[in-house]
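The block underneath contains the structure these notes are about, expressed in structure tokens.
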Amino acid sequence: MGLKENIRTALDFVRHGLWRTTSEGMGKGKRLGIQALKTLVLSVRGFNEDDISMRANSLTYSFMFAVVPILALFLAVARGLGFEQVIETKLQESFLGQYDPAIVETIMGFVQRYLETAQGGLFLGIGILILLWAVYSFFRNVESSFNKIWQVQKSRNVLRQFTSYIMILIAIPILMIVSSGISLLVNTKVSDAQFFIDMSAFHEFVVKSIPWLTMWFLFALMYWGIPNTKVRPLAAIIAGVFIGTLAQLLQMLGVYIFMMLGRTSIVYGAFAIVPLLLTWVQWLSLLILFGAELSYSIQNNEHFDFQVDIDRMSRRYKDYLTLYICYRIVKRFETGEEAYTSHALAQETHLPLRVVNQLIGRLLEVHVLNETRLSDGEEHPRYQPAMDINRLSVGLVLERIEQGGSELFFRNVSKEMSPFWKRWLRIKRADYDFNNLLVKDMMNDK
């Protein structure tokens, strides 16, 4: 078999065979390999299908608008704890400080004046509101992007959004302070202690590990806490470690590129940092959103089994699955048992969760099913019939599915199409024997 045939076989497996391969009966190593490959393919596919580039542009704009208010909030928290210098030190250690220390001083000057304006005189209330709104808008944009990736239809209510975002923003400077404190403690202990062996290598390893651990924790926290759905800790941690590592490498690469491209100052002058900073934020936004895709794929890769076949599902098979899902929900209601969630139904029927959600969503749209919750704090909705089950016939379900959606929205059509539509409705109402009706005789009124 030649190289082209091998490539063609591999591509065919990735497109089709991979999604028809389930983990049942596999060894642990092979199962992990298949899941890792599915996760990678799903992440790359989702990156293309979910308009990640456009969303990254939106996040870049939101971040540039909110960066000063965010830093102002960081500085306010650090100042309240007596560690104001930590924030400036962290900025000096970043690529901005290494590119030009004067930039950090300028940014801190902006932040300081922003806080003074927000806290003083006539602007006391208005300034604080603008600060909080800028921060809230940025994180709401992030949550909206994450929810889109996770296929979550509803965001948190405004109060929960506001409190969650503020908690994250308070946690970040505290984490910076703690990491700096750990570094200082390690330095002190190593310098004061008497060892019979050289501890400098261990000390250097610990100090250099702290920024990486901090980055991993921040990204894992982001992927676990921001989407308005239950994210498994393992999915958030794996994505957080992977993207946190790439983000740390991106910062190191940013320093190198910024120094190499310093000659752009010939063209842009003092504004040379602006296009470079925008490019770096754009890359970071792409990484953040790819991490959300990765965490979603890690948690849900088994739900995409048979995906290619699902996309090409026949109408007859889809009707059969829809009726079966409806039947299970109706029978559960009839026996008085606890209503199904989509996750429980997918687990019992061994159907991919994505298929169950699509079919239930269709039944909700045509008012065959209703959502319900056992309590206000319940995360996943449950489903029950939307009408008397003694009136819910198979014909009614199929009729609502068939008629659900827009009709007759094309205006500039041929004159023959309107009578053809009326003729088609009469034929359906008359339960015509379609096997004896030729297409060429559709308009023959017999």
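Note on naming: chains are A, B, ... as they come in the structure tokens, residues start from 1 per chain, ligands start from 1 in the order shown.
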Query raised in the report: What lies within 12 Å of A:Arg160 using only C-alpha atoms, ignoring chain neighbours under 3 positions off, as number ranges by chain?
Result: A: 136, 140, 155-157, 163-167, 225-226, 228
Grab the residues selected above and save them as an mmCIF file, in the first residue's frame with all heavy atoms.
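Output contents, as saved in part-v9.cif:
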data_model
loop_
_atom_site.group_PDB
_atom_site.id
_atom_site.type_symbol
_atom_site.label_atom_id
_atom_site.label_comp_id
_atom_site.auth_asym_id
_atom_site.auth_seq_id
_atom_site.Cartn_x
_atom_site.Cartn_y
_atom_site.Cartn_z
ATOM 1 N N TYR A 136 -17.567 43.630 34.275
ATOM 2 C CA TYR A 136 -18.707 42.727 34.074
ATOM 3 C C TYR A 136 -18.915 42.417 32.591
ATOM 4 O O TYR A 136 -19.151 41.256 32.220
ATOM 5 C CB TYR A 136 -19.967 43.376 34.657
ATOM 6 C CG TYR A 136 -21.249 42.659 34.295
ATOM 7 C CD1 TYR A 136 -21.620 41.492 34.955
ATOM 8 C CD2 TYR A 136 -22.084 43.153 33.299
ATOM 9 C CE1 TYR A 136 -22.803 40.834 34.619
ATOM 10 C CE2 TYR A 136 -23.255 42.503 32.956
ATOM 11 C CZ TYR A 136 -23.608 41.344 33.624
ATOM 12 O OH TYR A 136 -24.767 40.696 33.287
ATOM 13 N N ARG A 140 -18.751 38.726 31.005
ATOM 14 C CA ARG A 140 -19.991 38.243 30.390
ATOM 15 C C ARG A 140 -19.729 37.785 28.954
ATOM 16 O O ARG A 140 -20.307 36.796 28.491
ATOM 17 C CB ARG A 140 -21.044 39.350 30.387
ATOM 18 C CG ARG A 140 -22.417 38.900 29.878
ATOM 19 C CD ARG A 140 -23.414 40.016 29.915
ATOM 20 N NE ARG A 140 -23.000 41.125 29.064
ATOM 21 C CZ ARG A 140 -23.717 42.232 28.873
ATOM 22 N NH1 ARG A 140 -24.875 42.378 29.495
ATOM 23 N NH2 ARG A 140 -23.275 43.189 28.084
ATOM 24 N N SER A 155 -27.635 31.771 30.237
ATOM 25 C CA SER A 155 -26.552 32.226 31.103
ATOM 26 C C SER A 155 -27.063 32.334 32.533
ATOM 27 O O SER A 155 -28.266 32.223 32.798
ATOM 28 C CB SER A 155 -26.027 33.583 30.638
ATOM 29 O OG SER A 155 -25.470 33.500 29.349
ATOM 30 N N ARG A 156 -26.148 32.546 33.459
ATOM 31 C CA ARG A 156 -26.552 32.795 34.843
ATOM 32 C C ARG A 156 -27.355 34.092 34.904
ATOM 33 O O ARG A 156 -27.243 34.950 34.036
ATOM 34 C CB ARG A 156 -25.326 32.936 35.745
ATOM 35 C CG ARG A 156 -24.452 31.696 35.828
ATOM 36 C CD ARG A 156 -23.237 32.014 36.690
ATOM 37 N NE ARG A 156 -22.375 30.855 36.866
ATOM 38 C CZ ARG A 156 -21.407 30.511 36.042
ATOM 39 N NH1 ARG A 156 -21.169 31.249 34.959
ATOM 40 N NH2 ARG A 156 -20.667 29.439 36.267
ATOM 41 N N ASN A 157 -28.139 34.234 35.969
ATOM 42 C CA ASN A 157 -28.819 35.512 36.145
ATOM 43 C C ASN A 157 -27.781 36.579 36.496
ATOM 44 O O ASN A 157 -26.643 36.276 36.859
ATOM 45 C CB ASN A 157 -29.908 35.417 37.215
ATOM 46 C CG ASN A 157 -29.368 35.019 38.584
ATOM 47 O OD1 ASN A 157 -28.436 35.633 39.098
ATOM 48 N ND2 ASN A 157 -29.938 33.982 39.182
ATOM 49 N N THR A 163 -21.574 38.347 41.057
ATOM 50 C CA THR A 163 -20.852 37.821 42.217
ATOM 51 C C THR A 163 -19.736 36.857 41.795
ATOM 52 O O THR A 163 -18.641 36.874 42.363
ATOM 53 C CB THR A 163 -21.822 37.109 43.169
ATOM 54 O OG1 THR A 163 -22.574 36.114 42.444
ATOM 55 C CG2 THR A 163 -22.788 38.092 43.786
ATOM 56 N N SER A 164 -19.996 36.030 40.773
ATOM 57 C CA SER A 164 -18.969 35.082 40.306
ATOM 58 C C SER A 164 -17.766 35.818 39.734
ATOM 59 O O SER A 164 -16.608 35.471 40.018
ATOM 60 C CB SER A 164 -19.560 34.139 39.246
ATOM 61 O OG SER A 164 -20.614 33.370 39.770
ATOM 62 N N TYR A 165 -18.031 36.850 38.924
ATOM 63 C CA TYR A 165 -16.936 37.584 38.290
ATOM 64 C C TYR A 165 -16.105 38.320 39.327
ATOM 65 O O TYR A 165 -14.864 38.348 39.251
ATOM 66 C CB TYR A 165 -17.484 38.566 37.256
ATOM 67 C CG TYR A 165 -18.327 37.938 36.174
ATOM 68 C CD1 TYR A 165 -19.222 38.701 35.428
ATOM 69 C CD2 TYR A 165 -18.249 36.581 35.894
ATOM 70 C CE1 TYR A 165 -19.992 38.143 34.424
ATOM 71 C CE2 TYR A 165 -19.024 36.014 34.905
ATOM 72 C CZ TYR A 165 -19.899 36.798 34.175
ATOM 73 O OH TYR A 165 -20.675 36.242 33.187
ATOM 74 N N ILE A 166 -16.771 38.931 40.289
ATOM 75 C CA ILE A 166 -16.045 39.666 41.326
ATOM 76 C C ILE A 166 -15.187 38.710 42.152
ATOM 77 O O ILE A 166 -14.032 39.021 42.498
ATOM 78 C CB ILE A 166 -17.021 40.443 42.233
ATOM 79 C CG1 ILE A 166 -17.704 41.563 41.428
ATOM 80 C CG2 ILE A 166 -16.289 41.033 43.440
ATOM 81 C CD1 ILE A 166 -16.755 42.588 40.860
ATOM 82 N N MET A 167 -15.726 37.524 42.451
ATOM 83 C CA MET A 167 -14.945 36.543 43.219
ATOM 84 C C MET A 167 -13.691 36.125 42.454
ATOM 85 O O MET A 167 -12.617 35.982 43.036
ATOM 86 C CB MET A 167 -15.813 35.324 43.533
ATOM 87 C CG MET A 167 -16.875 35.572 44.587
ATOM 88 S SD MET A 167 -17.924 34.125 44.863
ATOM 89 C CE MET A 167 -16.711 32.937 45.446
ATOM 90 N N GLY A 225 -15.287 27.073 36.338
ATOM 91 C CA GLY A 225 -16.275 27.940 36.961
ATOM 92 C C GLY A 225 -17.074 28.840 36.043
ATOM 93 O O GLY A 225 -18.186 29.262 36.402
ATOM 94 N N ILE A 226 -16.567 29.155 34.840
ATOM 95 C CA ILE A 226 -17.252 30.141 34.004
ATOM 96 C C ILE A 226 -18.432 29.564 33.224
ATOM 97 O O ILE A 226 -19.499 30.181 33.183
ATOM 98 C CB ILE A 226 -16.251 30.833 33.063
ATOM 99 C CG1 ILE A 226 -15.318 31.733 33.871
ATOM 100 C CG2 ILE A 226 -16.977 31.659 32.000
ATOM 101 C CD1 ILE A 226 -14.320 32.513 33.044
ATOM 102 N N ASN A 228 -21.886 27.966 32.323
ATOM 103 C CA ASN A 228 -23.085 27.794 33.140
ATOM 104 C C ASN A 228 -23.589 26.360 33.038
ATOM 105 O O ASN A 228 -24.723 26.097 32.640
ATOM 106 C CB ASN A 228 -24.172 28.777 32.710
ATOM 107 C CG ASN A 228 -25.356 28.760 33.669
ATOM 108 O OD1 ASN A 228 -25.199 28.472 34.856
ATOM 109 N ND2 ASN A 228 -26.542 29.055 33.168
#
Query raised in the report: Could you name the residues that touch A:Arg426 at 12 Å or less, counting only C-alpha atoms, but leaving out those on the same chain fewer than 4 positions away, as a list in words?
Result: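 Once the adjacent positions are removed, what remains is Pro419, Phe420, Trp421, Lys422, Ala430, Asp431, Tyr432, Met442, Met443, Asp445 and Lys446 of chain A.
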Take the residues from that selection and put them in a file with N, CA, C and O atoms, as a compact mmCIF listing (two decimals), in the first residue's frame.
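What follows is the written file result-v1.txt:
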# COMPACT_ATOMS: atom_id res chain seq x y z
N PRO A 419 -51.26 26.72 -5.97
CA PRO A 419 -52.22 25.61 -6.09
C PRO A 419 -51.59 24.24 -5.82
O PRO A 419 -52.26 23.33 -5.34
N PHE A 420 -50.29 24.10 -6.10
CA PHE A 420 -49.62 22.83 -5.81
C PHE A 420 -49.59 22.58 -4.31
O PHE A 420 -49.80 21.45 -3.84
N TRP A 421 -49.33 23.64 -3.53
CA TRP A 421 -49.33 23.54 -2.07
C TRP A 421 -50.71 23.13 -1.57
O TRP A 421 -50.82 22.24 -0.71
N LYS A 422 -51.75 23.75 -2.06
CA LYS A 422 -53.11 23.41 -1.63
C LYS A 422 -53.47 21.97 -1.99
O LYS A 422 -54.11 21.25 -1.22
N ALA A 430 -56.49 13.61 2.99
CA ALA A 430 -57.30 12.49 2.50
C ALA A 430 -56.60 11.14 2.71
O ALA A 430 -57.16 10.10 2.35
N ASP A 431 -55.43 11.14 3.31
CA ASP A 431 -54.67 9.91 3.53
C ASP A 431 -54.55 9.11 2.23
O ASP A 431 -54.86 7.93 2.15
N TYR A 432 -54.08 9.79 1.23
CA TYR A 432 -54.00 9.23 -0.13
C TYR A 432 -52.99 8.08 -0.18
O TYR A 432 -52.03 8.04 0.58
N MET A 442 -49.67 14.77 -9.94
CA MET A 442 -49.94 15.48 -8.69
C MET A 442 -51.05 16.52 -8.83
O MET A 442 -51.86 16.70 -7.93
N MET A 443 -51.11 17.19 -9.95
CA MET A 443 -52.09 18.26 -10.13
C MET A 443 -53.37 17.78 -10.81
O MET A 443 -54.28 18.58 -11.04
N ASP A 445 -56.76 16.52 -10.54
CA ASP A 445 -57.74 16.48 -9.45
C ASP A 445 -58.71 15.34 -9.68
O ASP A 445 -59.79 15.50 -10.28
N LYS A 446 -58.36 14.14 -9.22
CA LYS A 446 -59.22 12.97 -9.40
C LYS A 446 -59.94 12.65 -8.11
O LYS A 446 -59.44 12.87 -7.03
Report summary line: A:Phe290 proximity check over A:Ile149, A:Leu218, A:Leu132, A:Val77, using only C-alpha atoms: winner is A:Ile149
Query - Residue among A:Pro211, A:Leu321, A:Asn301, A:Thr39 lying closest to A:Met252, counting only C-alpha atoms - result: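 Among the listed residues, A:Pro211 lies closest to A:Met252.
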Requested in this report: Show which residues sit within 8 Å of A:Leu289, as a PyMOL selection string. Count only C-alpha atoms, and ignore same-chain residues fewer than 2 positions away.
Outcome: chain A and resi 52+56+145-146+285-287+291-293
Quick one: write out the picked residues with N, CA and C atoms as an mmCIF file, in the first residue's frame?
data_model
loop_
_atom_site.group_PDB
_atom_site.id
_atom_site.type_symbol
_atom_site.label_atom_id
_atom_site.label_comp_id
_atom_site.auth_asym_id
_atom_site.auth_seq_id
_atom_site.Cartn_x
_atom_site.Cartn_y
_atom_site.Cartn_z
ATOM 1 N N ILE A 52 -14.528 30.483 16.367
ATOM 2 C CA ILE A 52 -13.604 30.853 17.429
ATOM 3 C C ILE A 52 -12.810 32.101 17.077
ATOM 4 N N ALA A 56 -12.690 35.343 19.291
ATOM 5 C CA ALA A 56 -11.411 35.822 19.811
ATOM 6 C C ALA A 56 -11.243 37.315 19.532
ATOM 7 N N SER A 145 -19.132 33.165 25.297
ATOM 8 C CA SER A 145 -18.347 32.325 24.382
ATOM 9 C C SER A 145 -18.227 30.903 24.902
ATOM 10 N N PHE A 146 -17.992 30.761 26.205
ATOM 11 C CA PHE A 146 -17.886 29.426 26.791
ATOM 12 C C PHE A 146 -19.211 28.680 26.704
ATOM 13 N N SER A 285 -6.415 35.022 23.413
ATOM 14 C CA SER A 285 -7.857 34.773 23.318
ATOM 15 C C SER A 285 -8.139 33.482 22.561
ATOM 16 N N LEU A 286 -7.385 33.248 21.484
ATOM 17 C CA LEU A 286 -7.542 31.999 20.734
ATOM 18 C C LEU A 286 -7.212 30.795 21.606
ATOM 19 N N LEU A 287 -6.150 30.906 22.400
ATOM 20 C CA LEU A 287 -5.779 29.818 23.297
ATOM 21 C C LEU A 287 -6.862 29.568 24.340
ATOM 22 N N GLY A 291 -9.030 26.173 24.704
ATOM 23 C CA GLY A 291 -9.074 25.421 25.961
ATOM 24 C C GLY A 291 -10.499 25.070 26.357
ATOM 25 N N ALA A 292 -11.435 25.999 26.113
ATOM 26 C CA ALA A 292 -12.849 25.692 26.388
ATOM 27 C C ALA A 292 -13.333 24.561 25.488
ATOM 28 N N GLU A 293 -12.925 24.608 24.203
ATOM 29 C CA GLU A 293 -13.264 23.511 23.287
ATOM 30 C C GLU A 293 -12.658 22.195 23.780
#
Query - Residue contacts of A:Ala235 (12 Å, only C-alpha atoms) excluding same-chain residues fewer than 4 positions away, as number ranges by chain - result: A: 39, 219-225, 230-231, 239-242, 291-301
Query raised in the report: Hey, what's within 10 Å of A:Phe63 if we count only C-alpha atoms and toss same-chain stuff fewer than 5 positions away? As number ranges by chain, please?
Result: A: 57-58, 68-70, 134-135, 137-139, 141-142, 278, 281-282, 285
Report task. Kindly indicate which residue among A:Lys148, A:Leu353, A:Arg362, A:Tyr317 lies nearest to A:Asp51, using only C-alpha atoms for the distances. Result -> A:Lys148
Query - Shortest interatomic distance to A:Pro275 - which of A:Leu253, A:Met64, A:Ile325, A:Val366, counting only C-alpha atoms - result: A:Met64
So that I can check the secondary structure, give me every residue of stretch 296-370 of chain A assigned alpha helix (DSSP H) by backbone DSSP, as a short mmCIF file (atom, residue, chain, number, x, y, z; two decimals) with C-alpha atoms, in the first residue's frame.
data_model
loop_
_atom_site.label_atom_id
_atom_site.label_comp_id
_atom_site.auth_asym_id
_atom_site.auth_seq_id
_atom_site.Cartn_x
_atom_site.Cartn_y
_atom_site.Cartn_z
CA TYR A 296 -15.84 20.30 26.40
CA SER A 297 -14.39 17.60 24.14
CA ILE A 298 -12.72 15.80 27.07
CA GLN A 299 -15.99 15.64 28.97
CA ASN A 300 -18.23 14.80 26.01
CA GLN A 307 -21.38 11.51 14.57
CA VAL A 308 -21.00 11.17 10.80
CA ASP A 309 -23.97 8.80 10.64
CA ILE A 310 -26.01 11.09 12.89
CA ASP A 311 -25.45 14.03 10.54
CA ARG A 315 -35.99 11.00 8.31
CA ARG A 316 -37.53 7.60 9.10
CA TYR A 317 -34.81 6.73 11.62
CA LYS A 318 -35.01 10.17 13.23
CA ASP A 319 -38.81 9.80 13.59
CA TYR A 320 -38.30 6.39 15.18
CA LEU A 321 -35.77 7.74 17.71
CA THR A 322 -37.95 10.77 18.46
CA LEU A 323 -40.99 8.59 19.13
CA TYR A 324 -38.94 6.25 21.31
CA ILE A 325 -37.58 9.14 23.40
CA CYS A 326 -41.12 10.50 23.73
CA TYR A 327 -42.40 7.02 24.69
CA ARG A 328 -39.84 6.63 27.49
CA ILE A 329 -40.70 10.05 28.93
CA VAL A 330 -44.46 9.38 28.73
CA LYS A 331 -44.14 5.95 30.38
CA ARG A 332 -42.05 7.44 33.19
CA PHE A 333 -44.78 10.06 33.68
CA GLU A 334 -47.55 7.43 33.60
CA SER A 342 -31.41 14.12 29.18
CA HIS A 343 -28.30 12.64 30.82
CA ALA A 344 -30.29 9.88 32.55
CA LEU A 345 -32.19 9.12 29.35
CA ALA A 346 -28.99 8.94 27.32
CA GLN A 347 -27.46 6.60 29.88
CA GLU A 348 -30.46 4.25 29.91
CA THR A 349 -30.95 4.15 26.14
CA LEU A 353 -26.23 12.67 24.71
CA ARG A 354 -26.04 15.07 21.78
CA VAL A 355 -28.70 13.06 19.90
CA VAL A 356 -30.97 12.91 22.96
CA ASN A 357 -30.64 16.68 23.45
CA GLN A 358 -31.44 17.36 19.78
CA LEU A 359 -34.54 15.15 19.79
CA ILE A 360 -35.81 16.48 23.11
CA GLY A 361 -35.19 20.02 21.87
CA ARG A 362 -37.37 19.33 18.84
CA LEU A 363 -40.17 17.92 21.04
CA LEU A 364 -39.93 21.03 23.24
CA GLU A 365 -40.18 23.33 20.22
#
Query - Computed interatomic separation between atom CA of A:Thr335 and atom CA of A:Tyr383 (Å) - result: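 Computing the Euclidean distance for atom CA of A:Thr335 and atom CA of A:Tyr383 yields 14.3 Å.
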Query raised in the report: Just how far from atom CA of A:Leu213 is atom CA of A:Leu250, in Å to one decimal?
Result: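 It comes out at 15.5 Å.
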Report summary line: Expressed in Å, the length from atom CA of A:His350 to atom CA of A:His380 is 18.6 Å
Query - Residues flagged strand (DSSP E or B) by DSSP in stretch 320-379 of chain A, as a ChimeraX atom specification - result: /A:340-341,369-372
Can you spit out the residues from that selection as a JSON list (two decimals), in the first residue's frame, using N, CA, C and O atoms?
[["chain", "number", "residue", "atom", "x", "y", "z"],
["A", 340, "TYR", "N", -37.30, 12.18, 33.69],
["A", 340, "TYR", "CA", -35.96, 12.00, 33.14],
["A", 340, "TYR", "C", -35.25, 13.34, 32.95],
["A", 340, "TYR", "O", -35.86, 14.35, 32.58],
["A", 341, "THR", "N", -33.93, 13.34, 33.17],
["A", 341, "THR", "CA", -33.06, 14.35, 32.58],
["A", 341, "THR", "C", -32.51, 13.77, 31.28],
["A", 341, "THR", "O", -32.58, 12.56, 31.05],
["A", 369, "LEU", "N", -43.35, 18.24, 24.75],
["A", 369, "LEU", "CA", -42.76, 18.10, 26.07],
["A", 369, "LEU", "C", -42.61, 19.47, 26.74],
["A", 369, "LEU", "O", -42.59, 20.50, 26.06],
["A", 370, "ASN", "N", -42.48, 19.44, 28.06],
["A", 370, "ASN", "CA", -42.19, 20.62, 28.86],
["A", 370, "ASN", "C", -40.97, 20.36, 29.74],
["A", 370, "ASN", "O", -40.69, 19.21, 30.10],
["A", 371, "GLU", "N", -40.28, 21.43, 30.07],
["A", 371, "GLU", "CA", -39.19, 21.35, 31.04],
["A", 371, "GLU", "C", -39.74, 21.50, 32.45],
["A", 371, "GLU", "O", -40.71, 22.25, 32.67],
["A", 372, "THR", "N", -39.13, 20.82, 33.40],
["A", 372, "THR", "CA", -39.49, 20.98, 34.81],
["A", 372, "THR", "C", -38.25, 20.75, 35.64],
["A", 372, "THR", "O", -37.27, 20.16, 35.18]]
